[in-house]
$ cat data30.txt   # compact mmCIF, C-alpha atoms
# COMPACT_ATOMS: atom_id res chain seq x y z
CA MET A 1 61.88 61.42 82.53
CA ASP A 2 59.42 63.68 80.67
CA GLN A 3 62.13 65.66 78.83
CA GLU A 4 63.79 62.55 77.41
CA LEU A 5 64.31 62.89 73.69
CA SER A 6 62.58 60.36 71.49
CA LEU A 7 64.68 58.57 68.87
CA SER A 8 63.12 60.71 66.14
CA GLU A 9 64.19 63.85 68.02
CA ILE A 10 67.81 62.74 68.34
CA ARG A 11 69.46 64.27 65.32
CA GLN A 12 72.21 66.70 64.48
CA GLY A 13 71.54 70.27 65.52
CA VAL A 14 68.95 69.50 68.19
CA ASN A 15 69.40 71.52 71.38
CA LEU A 16 69.27 69.58 74.62
CA PRO A 17 66.72 70.88 77.16
CA PRO A 18 68.74 73.14 79.46
CA VAL A 19 69.09 72.85 83.21
CA ILE A 20 69.25 76.04 85.29
CA LYS A 21 70.72 76.08 88.79
CA ASN A 22 71.09 78.73 91.47
CA ILE A 23 74.43 78.30 93.24
CA THR A 24 74.32 79.01 96.95
CA GLN A 25 76.89 78.58 99.70
CA LYS A 26 74.38 76.30 101.40
CA GLU A 27 74.36 73.92 98.43
CA ILE A 28 78.15 74.04 98.17
CA ASN A 29 78.35 73.09 101.85
CA LEU A 30 75.83 70.28 101.32
CA TYR A 31 77.90 68.98 98.40
CA ALA A 32 81.02 69.04 100.57
CA GLU A 33 79.21 66.88 103.16
CA ALA A 34 77.85 64.51 100.53
CA SER A 35 81.10 64.10 98.62
CA GLY A 36 83.62 64.34 101.45
CA ASP A 37 85.46 67.15 99.64
CA PHE A 38 86.10 69.78 102.30
CA ASN A 39 88.71 71.74 100.36
CA PRO A 40 88.48 75.16 102.08
CA ILE A 41 88.35 76.89 98.69
CA HIS A 42 84.74 75.69 98.60
CA ILE A 43 83.55 76.14 102.18
CA ASP A 44 85.86 78.49 104.11
CA GLU A 45 84.99 82.05 103.13
CA ALA A 46 87.87 83.57 105.12
CA PHE A 47 90.39 81.22 103.50
CA ALA A 48 88.98 81.66 100.01
CA ALA A 49 88.98 85.47 100.32
CA LYS A 50 92.76 85.41 100.64
CA THR A 51 93.29 83.36 97.45
CA PRO A 52 93.44 84.75 93.91
CA LEU A 53 89.84 83.54 93.50
CA GLY A 54 88.73 86.05 96.09
CA GLY A 55 85.94 83.94 97.53
CA THR A 56 84.47 80.48 97.72
CA ILE A 57 83.66 78.58 94.56
CA ALA A 58 81.48 75.58 93.79
CA HIS A 59 83.05 72.16 93.43
CA GLY A 60 83.81 71.31 89.82
CA MET A 61 82.12 67.95 90.37
CA LEU A 62 78.94 69.78 91.47
CA ILE A 63 78.81 71.55 88.11
CA LEU A 64 79.50 68.22 86.38
CA ALA A 65 76.57 66.74 88.30
CA TYR A 66 74.39 69.39 86.63
CA VAL A 67 75.82 68.50 83.21
CA SER A 68 75.02 64.85 83.92
CA GLU A 69 71.51 65.83 85.05
CA MET A 70 70.96 67.55 81.70
CA MET A 71 72.24 64.51 79.81
CA THR A 72 70.12 62.14 81.93
CA LYS A 73 67.00 64.21 81.26
CA ALA A 74 67.72 64.16 77.52
CA PHE A 75 68.85 60.57 77.06
CA GLY A 76 67.60 58.68 80.12
CA GLN A 77 69.20 55.37 80.97
CA LYS A 78 71.27 55.47 77.78
CA TRP A 79 73.37 58.21 79.42
CA ILE A 80 73.73 56.42 82.74
CA SER A 81 74.75 53.17 81.03
CA THR A 82 77.00 54.34 78.18
CA GLY A 83 77.75 58.05 78.63
CA LYS A 84 81.15 59.64 78.17
CA MET A 85 82.15 63.17 79.03
CA ALA A 86 85.27 65.25 78.59
CA ILE A 87 84.89 68.59 80.33
CA ARG A 88 87.17 71.55 80.87
CA PHE A 89 86.61 74.01 83.70
CA LYS A 90 86.95 77.51 82.32
CA ALA A 91 85.81 79.75 85.18
CA PRO A 92 84.62 79.21 88.73
CA ALA A 93 80.97 79.08 89.67
CA ARG A 94 80.39 81.20 92.74
CA PRO A 95 77.64 81.53 95.35
CA LYS A 96 74.76 83.65 93.95
CA ASP A 97 75.59 82.63 90.37
CA ILE A 98 72.80 81.33 88.15
CA ILE A 99 74.26 78.62 85.97
CA THR A 100 72.60 77.51 82.75
CA ILE A 101 73.75 74.14 81.46
CA GLY A 102 72.97 73.43 77.83
CA GLY A 103 74.09 71.35 74.94
CA ILE A 104 73.54 70.51 71.32
CA ILE A 105 73.73 67.28 69.38
CA ASN A 106 76.75 67.93 67.20
CA SER A 107 76.54 64.75 65.13
CA ILE A 108 75.28 61.19 65.00
CA GLU A 109 78.24 58.88 64.59
CA HIS A 110 78.27 55.21 63.78
CA ARG A 111 80.74 52.72 65.15
CA GLY A 112 79.95 49.64 63.17
CA ASP A 113 76.17 49.33 63.34
CA THR A 114 75.87 51.27 66.61
CA PRO A 115 74.82 54.92 66.52
CA TYR A 116 76.14 57.44 69.04
CA ALA A 117 75.03 61.00 69.71
CA ALA A 118 78.05 63.29 70.02
CA CYS A 119 77.18 66.49 71.85
CA ASN A 120 78.83 69.75 72.76
CA VAL A 121 77.92 70.93 76.24
CA GLU A 122 78.46 74.21 78.00
CA ALA A 123 77.55 75.90 81.25
CA HIS A 124 77.51 79.66 81.59
CA ASN A 125 76.65 82.06 84.38
CA GLN A 126 74.20 84.96 84.42
CA ASN A 127 76.84 87.21 82.84
CA GLY A 128 77.32 84.87 79.91
CA GLU A 129 80.73 83.79 81.19
CA ILE A 130 81.49 80.18 80.28
CA VAL A 131 82.01 78.06 83.40
CA VAL A 132 82.54 74.66 81.78
CA THR A 133 82.75 73.45 78.21
CA GLY A 134 83.17 70.02 76.74
CA GLU A 135 81.93 67.07 74.81
CA THR A 136 79.67 64.14 75.68
CA MET A 137 78.76 60.99 73.85
CA VAL A 138 75.86 58.57 74.30
CA LYS A 139 75.19 55.22 72.68
CA LEU A 140 71.71 55.21 71.13
CA MET B 1 89.95 49.65 97.00
CA THR B 2 87.44 51.52 99.11
CA SER B 3 83.91 50.16 99.23
CA TYR B 4 80.72 52.21 99.55
CA THR B 5 77.28 50.77 100.10
CA LEU B 6 75.02 53.25 98.35
CA ASP B 7 71.95 53.02 100.55
CA LEU B 8 69.27 55.65 100.54
CA SER B 9 70.68 57.50 103.56
CA ILE B 10 73.93 58.16 101.70
CA ILE B 11 72.43 58.87 98.30
CA SER B 12 69.72 61.16 99.70
CA LYS B 13 72.46 63.50 100.98
CA TYR B 14 73.93 63.59 97.50
CA LEU B 15 70.56 64.11 95.82
CA MET B 16 69.76 67.00 98.17
CA ALA B 17 73.15 68.58 97.49
CA VAL B 18 72.71 68.50 93.70
CA GLY B 19 69.04 69.45 93.77
CA LEU B 20 67.50 66.18 92.59
CA GLN B 21 64.21 64.99 94.08
CA SER B 22 64.79 61.33 93.32
CA ALA B 23 66.71 59.02 91.06
CA GLU B 24 65.97 55.61 89.62
CA PHE B 25 69.64 54.66 89.75
CA VAL B 26 72.60 56.10 91.63
CA PRO B 27 73.62 59.23 89.68
CA PRO B 28 76.90 58.43 87.92
CA LEU B 29 78.47 61.64 89.16
CA ALA B 30 77.78 60.45 92.72
CA ILE B 31 79.87 57.38 91.94
CA ALA B 32 82.59 59.61 90.50
CA ALA B 33 82.51 61.71 93.67
CA TYR B 34 82.95 58.63 95.84
CA ALA B 35 85.82 57.43 93.64
CA MET B 36 87.52 60.81 94.15
CA SER B 37 86.83 60.51 97.87
CA ALA B 38 88.47 57.08 97.91
CA LEU B 39 91.64 58.60 96.54
CA SER B 40 91.64 61.32 99.18
CA LYS B 41 92.14 58.64 101.82
CA SER B 42 95.65 58.03 100.49
CA LEU B 43 96.47 61.33 98.82
CA VAL B 44 96.24 64.55 100.80
CA LEU B 45 95.69 67.43 98.41
CA PRO B 46 96.72 70.91 99.52
CA ALA B 47 94.04 73.47 100.34
CA GLY B 48 93.16 75.51 97.28
CA THR B 49 93.56 72.66 94.77
CA ILE B 50 91.56 73.43 91.63
CA HIS B 51 89.84 71.02 89.24
CA ALA B 52 90.99 71.80 85.70
CA SER B 53 89.38 69.05 83.64
CA GLN B 54 87.48 65.80 83.99
CA GLU B 55 86.85 62.81 81.74
CA LEU B 56 84.36 60.14 82.73
CA GLU B 57 82.84 57.07 81.13
CA PHE B 58 79.86 55.14 82.47
CA PHE B 59 79.45 51.44 81.73
CA GLN B 60 76.30 50.33 83.51
CA PRO B 61 73.73 51.71 85.92
CA VAL B 62 74.17 51.16 89.63
CA PRO B 63 70.96 50.42 91.55
CA MET B 64 70.25 52.04 94.90
CA GLY B 65 71.61 49.94 97.74
CA ALA B 66 74.44 48.45 95.69
CA THR B 67 78.01 48.29 96.93
CA ILE B 68 80.71 49.77 94.74
CA TYR B 69 84.46 49.46 94.98
CA CYS B 70 86.41 52.58 94.11
CA GLN B 71 90.01 53.33 93.55
CA GLY B 72 92.09 56.18 92.33
CA ARG B 73 95.72 56.67 91.55
CA VAL B 74 98.05 59.46 90.57
CA ALA B 75 98.91 58.80 86.93
CA GLN B 76 101.11 61.80 86.29
CA LYS B 77 102.58 64.82 88.04
CA LEU B 78 103.93 67.81 86.13
CA SER B 79 105.45 71.03 87.40
CA ARG B 80 104.97 74.22 85.42
CA GLY B 81 106.42 77.24 87.15
CA LYS B 82 104.54 77.81 90.38
CA LEU B 83 101.90 75.22 89.56
CA ASN B 84 101.81 71.46 89.86
CA LEU B 85 99.46 69.54 87.58
CA LEU B 86 98.24 66.20 88.83
CA THR B 87 96.48 63.63 86.65
CA ILE B 88 94.32 61.25 88.65
CA GLU B 89 92.78 58.04 87.28
CA LEU B 90 89.55 56.78 88.87
CA SER B 91 87.56 53.62 88.59
CA ALA B 92 84.58 52.01 90.23
CA LEU B 93 83.45 48.38 90.14
CA ASN B 94 80.18 46.80 91.19
CA GLN B 95 79.73 43.79 93.44
CA ALA B 96 80.35 41.45 90.51
CA LYS B 97 83.65 43.30 89.98
CA GLU B 98 82.37 44.71 86.68
CA LYS B 99 83.47 48.20 85.75
CA VAL B 100 80.73 50.80 86.24
CA LEU B 101 82.81 53.93 85.84
CA SER B 102 86.26 55.08 84.85
CA GLY B 103 87.74 58.52 84.54
CA LYS B 104 90.62 60.90 84.62
CA ALA B 105 90.88 64.21 86.44
CA THR B 106 93.43 66.98 86.07
CA LEU B 107 94.03 69.02 89.20
CA VAL B 108 96.07 72.19 89.62
CA LEU B 109 97.95 72.46 92.89
CA GLN B 110 99.52 75.67 94.11
CA ASN B 111 103.15 75.38 95.23
$ encode --input "data30.txt" --output "structure tokens"
Amino acid sequence: MDQELSLSEIRQGVNLPPVIKNITQKEINLYAEASGDFNPIHIDEAFAAKTPLGGTIAHGMLILAYVSEMMTKAFGQKWISTGKMAIRFKAPARPKDIITIGGIINSIEHRGDTPYAACNVEAHNQNGEIVVTGETMVKL
Amino acid sequence: MTSYTLDLSIISKYLMAVGLQSAEFVPPLAIAAYAMSALSKSLVLPAGTIHASQELEFFQPVPMGATIYCQGRVAQKLSRGKLNLLTIELSALNQAKEKVLSGKATLVLQN
């Protein structure tokens, strides 16, 4: 995990190394197979075209997987063992979108003697449109 | 509860789908996905259901090859005009019946 932040780097205001993903229908279909979520809004282009969304969209959980990838790269096993996330989906991610997932350490909080990194996270597409926004927390 | 044995053949599909080459432990969002899948066995969601928000908490890493036990339940259902909002609670336990993940999802269902 060569992007993992060292303890000295974990402080308020530090940007988390971003993750950039190209969304394709192929990957959406693969995620449907892997997760068992075959909601046609994700994989049936004819169905999705008739909805207000106008076309297929990526699974929300796929975008969350990218958020978790960013947090894992930054915090390593600390994220996998103690992480918390609260995420709101603001706009769909569509095939051919390029999604950039980033975050910033908002504060270092202490609960008793235990420090936690509280982060704001966000994913936006190539047009700057916010796809997801939320907060994460990791025990240090 | 629905059990999943997270052997490499299952996890490799997930890793390929999310663009990861490898993982030391089962990605926690993979566990969340399986917990959601467990719920779908008892709750049929209409086509076009949209994910509005998600909360998750991870308690310990899950090694490759482990078996997890997942469950989900509908915690709340609200109707607002033409939309139904569903709150789903998820959890996953390891083989020692220790919690590895819990969470809450809000889904928007079209009437």
$ atom_distance --input "data30.txt" --atom1 "CA of Val131 in chain A" --atom2 "CA of Ser68 in chain A"
15.0 Å
$ residues_around --input "data30.txt" --residues "Arg111 in chain A" --least-positions-apart "6" --cutoff "12 Å" --atoms "only C-alpha atoms" --output "MDAnalysis selection string"
chainID A and resid 117:118 138:140
$ residues_around --input "data30.txt" --residues "Met16 in chain B" --least-positions-apart "4" --cutoff "10 Å" --atoms "only C-alpha atoms" --output "number ranges by chain"
A: 27, 30-31, 34; B: 11-12, 20-22
$ write_last_selection --input "data30.txt" --atoms "C-alpha atoms" --output "mmCIF file, in the frame of the given file"
data_model
loop_
_atom_site.group_PDB
_atom_site.id
_atom_site.type_symbol
_atom_site.label_atom_id
_atom_site.label_comp_id
_atom_site.auth_asym_id
_atom_site.auth_seq_id
_atom_site.Cartn_x
_atom_site.Cartn_y
_atom_site.Cartn_z
ATOM 1 C CA GLU A 27 74.360 73.920 98.430
ATOM 2 C CA LEU A 30 75.830 70.280 101.320
ATOM 3 C CA TYR A 31 77.900 68.980 98.400
ATOM 4 C CA ALA A 34 77.850 64.510 100.530
ATOM 5 C CA ILE B 11 72.430 58.870 98.300
ATOM 6 C CA SER B 12 69.720 61.160 99.700
ATOM 7 C CA LEU B 20 67.500 66.180 92.590
ATOM 8 C CA GLN B 21 64.210 64.990 94.080
ATOM 9 C CA SER B 22 64.790 61.330 93.320
#
$ closest_residue --input "data30.txt" --among "A:Phe47, A:Ala74, A:Lys90, A:Leu53" --to "Glu9 in chain A" --atoms "all atoms listed in the file"
A:Ala74
$ closest_atom_pairs --input "data30.txt" --of "chain B" --to "chain A" --cutoff "10 Å" --atoms "only C-alpha atoms" --output "Markdown table"
| residue | atom | partner | partner_atom | distance |
| --- | --- | --- | --- | --- |
| B:Ile10 | CA | A:Ala34 | CA | 7.6 |
| B:Ile11 | CA | A:Ala34 | CA | 8.1 |
| B:Ser12 | CA | A:Ala34 | CA | 8.8 |
| B:Lys13 | CA | A:Ala34 | CA | 5.5 |
| B:Tyr14 | CA | A:Ala34 | CA | 5.0 |
| B:Leu15 | CA | A:Ala34 | CA | 8.7 |
| B:Met16 | CA | A:Leu30 | CA | 7.6 |
| B:Ala17 | CA | A:Tyr31 | CA | 4.9 |
| B:Val18 | CA | A:Leu62 | CA | 6.7 |
| B:Gly19 | CA | A:Glu27 | CA | 8.4 |
| B:Leu20 | CA | A:Glu69 | CA | 8.5 |
| B:Glu24 | CA | A:Gln77 | CA | 9.2 |
| B:Phe25 | CA | A:Ile80 | CA | 8.3 |
| B:Val26 | CA | A:Ile80 | CA | 9.0 |
| B:Pro27 | CA | A:Ile80 | CA | 7.5 |
| B:Pro28 | CA | A:Ile80 | CA | 6.4 |
| B:Leu29 | CA | A:Ala65 | CA | 5.5 |
| B:Ala30 | CA | A:Ser35 | CA | 7.7 |
| B:Ile31 | CA | A:Ser35 | CA | 9.6 |
| B:Ala32 | CA | A:Met61 | CA | 8.4 |
| B:Ala33 | CA | A:Ser35 | CA | 5.7 |
| B:Tyr34 | CA | A:Ser35 | CA | 6.4 |
| B:Ala35 | CA | A:Ser35 | CA | 9.6 |
| B:Met36 | CA | A:Ser35 | CA | 8.5 |
| B:Ser37 | CA | A:Gly36 | CA | 6.1 |
| B:Ala38 | CA | A:Gly36 | CA | 9.4 |
| B:Ser40 | CA | A:Asp37 | CA | 8.5 |
| B:Leu45 | CA | A:Asn39 | CA | 8.4 |
| B:Pro46 | CA | A:Asn39 | CA | 8.1 |
| B:Ala47 | CA | A:Asn39 | CA | 5.6 |
| B:Gly48 | CA | A:Ile41 | CA | 5.2 |
| B:Thr49 | CA | A:Asn39 | CA | 7.5 |
| B:Ile50 | CA | A:Gly60 | CA | 8.2 |
| B:His51 | CA | A:Gly60 | CA | 6.1 |
| B:Ala52 | CA | A:Phe89 | CA | 5.3 |
| B:Ser53 | CA | A:Arg88 | CA | 4.3 |
| B:Gln54 | CA | A:Ile87 | CA | 5.3 |
| B:Glu55 | CA | A:Ala86 | CA | 4.3 |
| B:Leu56 | CA | A:Met85 | CA | 5.3 |
| B:Glu57 | CA | A:Lys84 | CA | 4.3 |
| B:Phe58 | CA | A:Thr82 | CA | 5.2 |
| B:Phe59 | CA | A:Ser81 | CA | 5.1 |
| B:Gln60 | CA | A:Ser81 | CA | 4.1 |
| B:Pro61 | CA | A:Ser81 | CA | 5.2 |
| B:Val62 | CA | A:Ile80 | CA | 8.7 |
| B:Val100 | CA | A:Ser81 | CA | 8.3 |
| B:Leu101 | CA | A:Ser81 | CA | 9.4 |
| B:Ser102 | CA | A:Lys84 | CA | 9.6 |
| B:Gly103 | CA | A:Met85 | CA | 9.1 |
| B:Lys104 | CA | A:Ala86 | CA | 9.2 |
| B:Ala105 | CA | A:Ile87 | CA | 9.6 |
| B:Thr106 | CA | A:Arg88 | CA | 9.3 |
$ closest_residue --input "data30.txt" --among "A:Asn127, A:Gln25, A:Ser107, A:Thr100" --to "Met70 in chain A" --atoms "all atoms listed in the file"
A:Thr100
$ atom_distance --input "data30.txt" --atom1 "CA of Lys50 in chain A" --atom2 "CA of Asn125 in chain A"
23.1 Å
$ residues_near_point --input "data30.txt" --point "(98.7, 56.1, 94.9)" --cutoff "9 Å" --atoms "all atoms listed in the file" --output "VMD selection string"
chain B and resid 39 42 to 43 72 to 75
$ closest_residue --input "data30.txt" --among "A:Leu5, A:Ala58, A:Gln126, A:Arg11" --to "Glu109 in chain A" --atoms "all atoms listed in the file"
A:Arg11
$ residues_near_point --input "data30.txt" --point "(81.4, 47.3, 97.7)" --cutoff "10 Å" --atoms "all atoms listed in the file" --output "list in words"
Met1, Thr2, Ser3, Tyr4, Thr5, Leu6, Ala66, Thr67, Ile68, Tyr69, Cys70, Ala92, Leu93, Asn94, Gln95, Ala96 and Lys97 of chain B
$ write_last_selection --input "data30.txt" --atoms "C-alpha atoms" --output "tab-separated table (two decimals), in the coordinates of the input"
chain	number	residue	atom	x	y	z
B	1	MET	CA	89.95	49.65	97.00
B	2	THR	CA	87.44	51.52	99.11
B	3	SER	CA	83.91	50.16	99.23
B	4	TYR	CA	80.72	52.21	99.55
B	5	THR	CA	77.28	50.77	100.10
B	6	LEU	CA	75.02	53.25	98.35
B	66	ALA	CA	74.44	48.45	95.69
B	67	THR	CA	78.01	48.29	96.93
B	68	ILE	CA	80.71	49.77	94.74
B	69	TYR	CA	84.46	49.46	94.98
B	70	CYS	CA	86.41	52.58	94.11
B	92	ALA	CA	84.58	52.01	90.23
B	93	LEU	CA	83.45	48.38	90.14
B	94	ASN	CA	80.18	46.80	91.19
B	95	GLN	CA	79.73	43.79	93.44
B	96	ALA	CA	80.35	41.45	90.51
B	97	LYS	CA	83.65	43.30	89.98
$ atom_distance --input "data30.txt" --atom1 "CA of Val14 in chain A" --atom2 "CA of Ile101 in chain A"
14.9 Å
$ axis_aligned_box --input "data30.txt" --around "range 118-125 of chain A" --padding-each-side "6 Å" --output "lines of an AutoDock Vina configuration file"
center_x = 77.7
center_y = 72.7
center_z = 77.2
size_x = 14.2
size_y = 30.8
size_z = 26.4
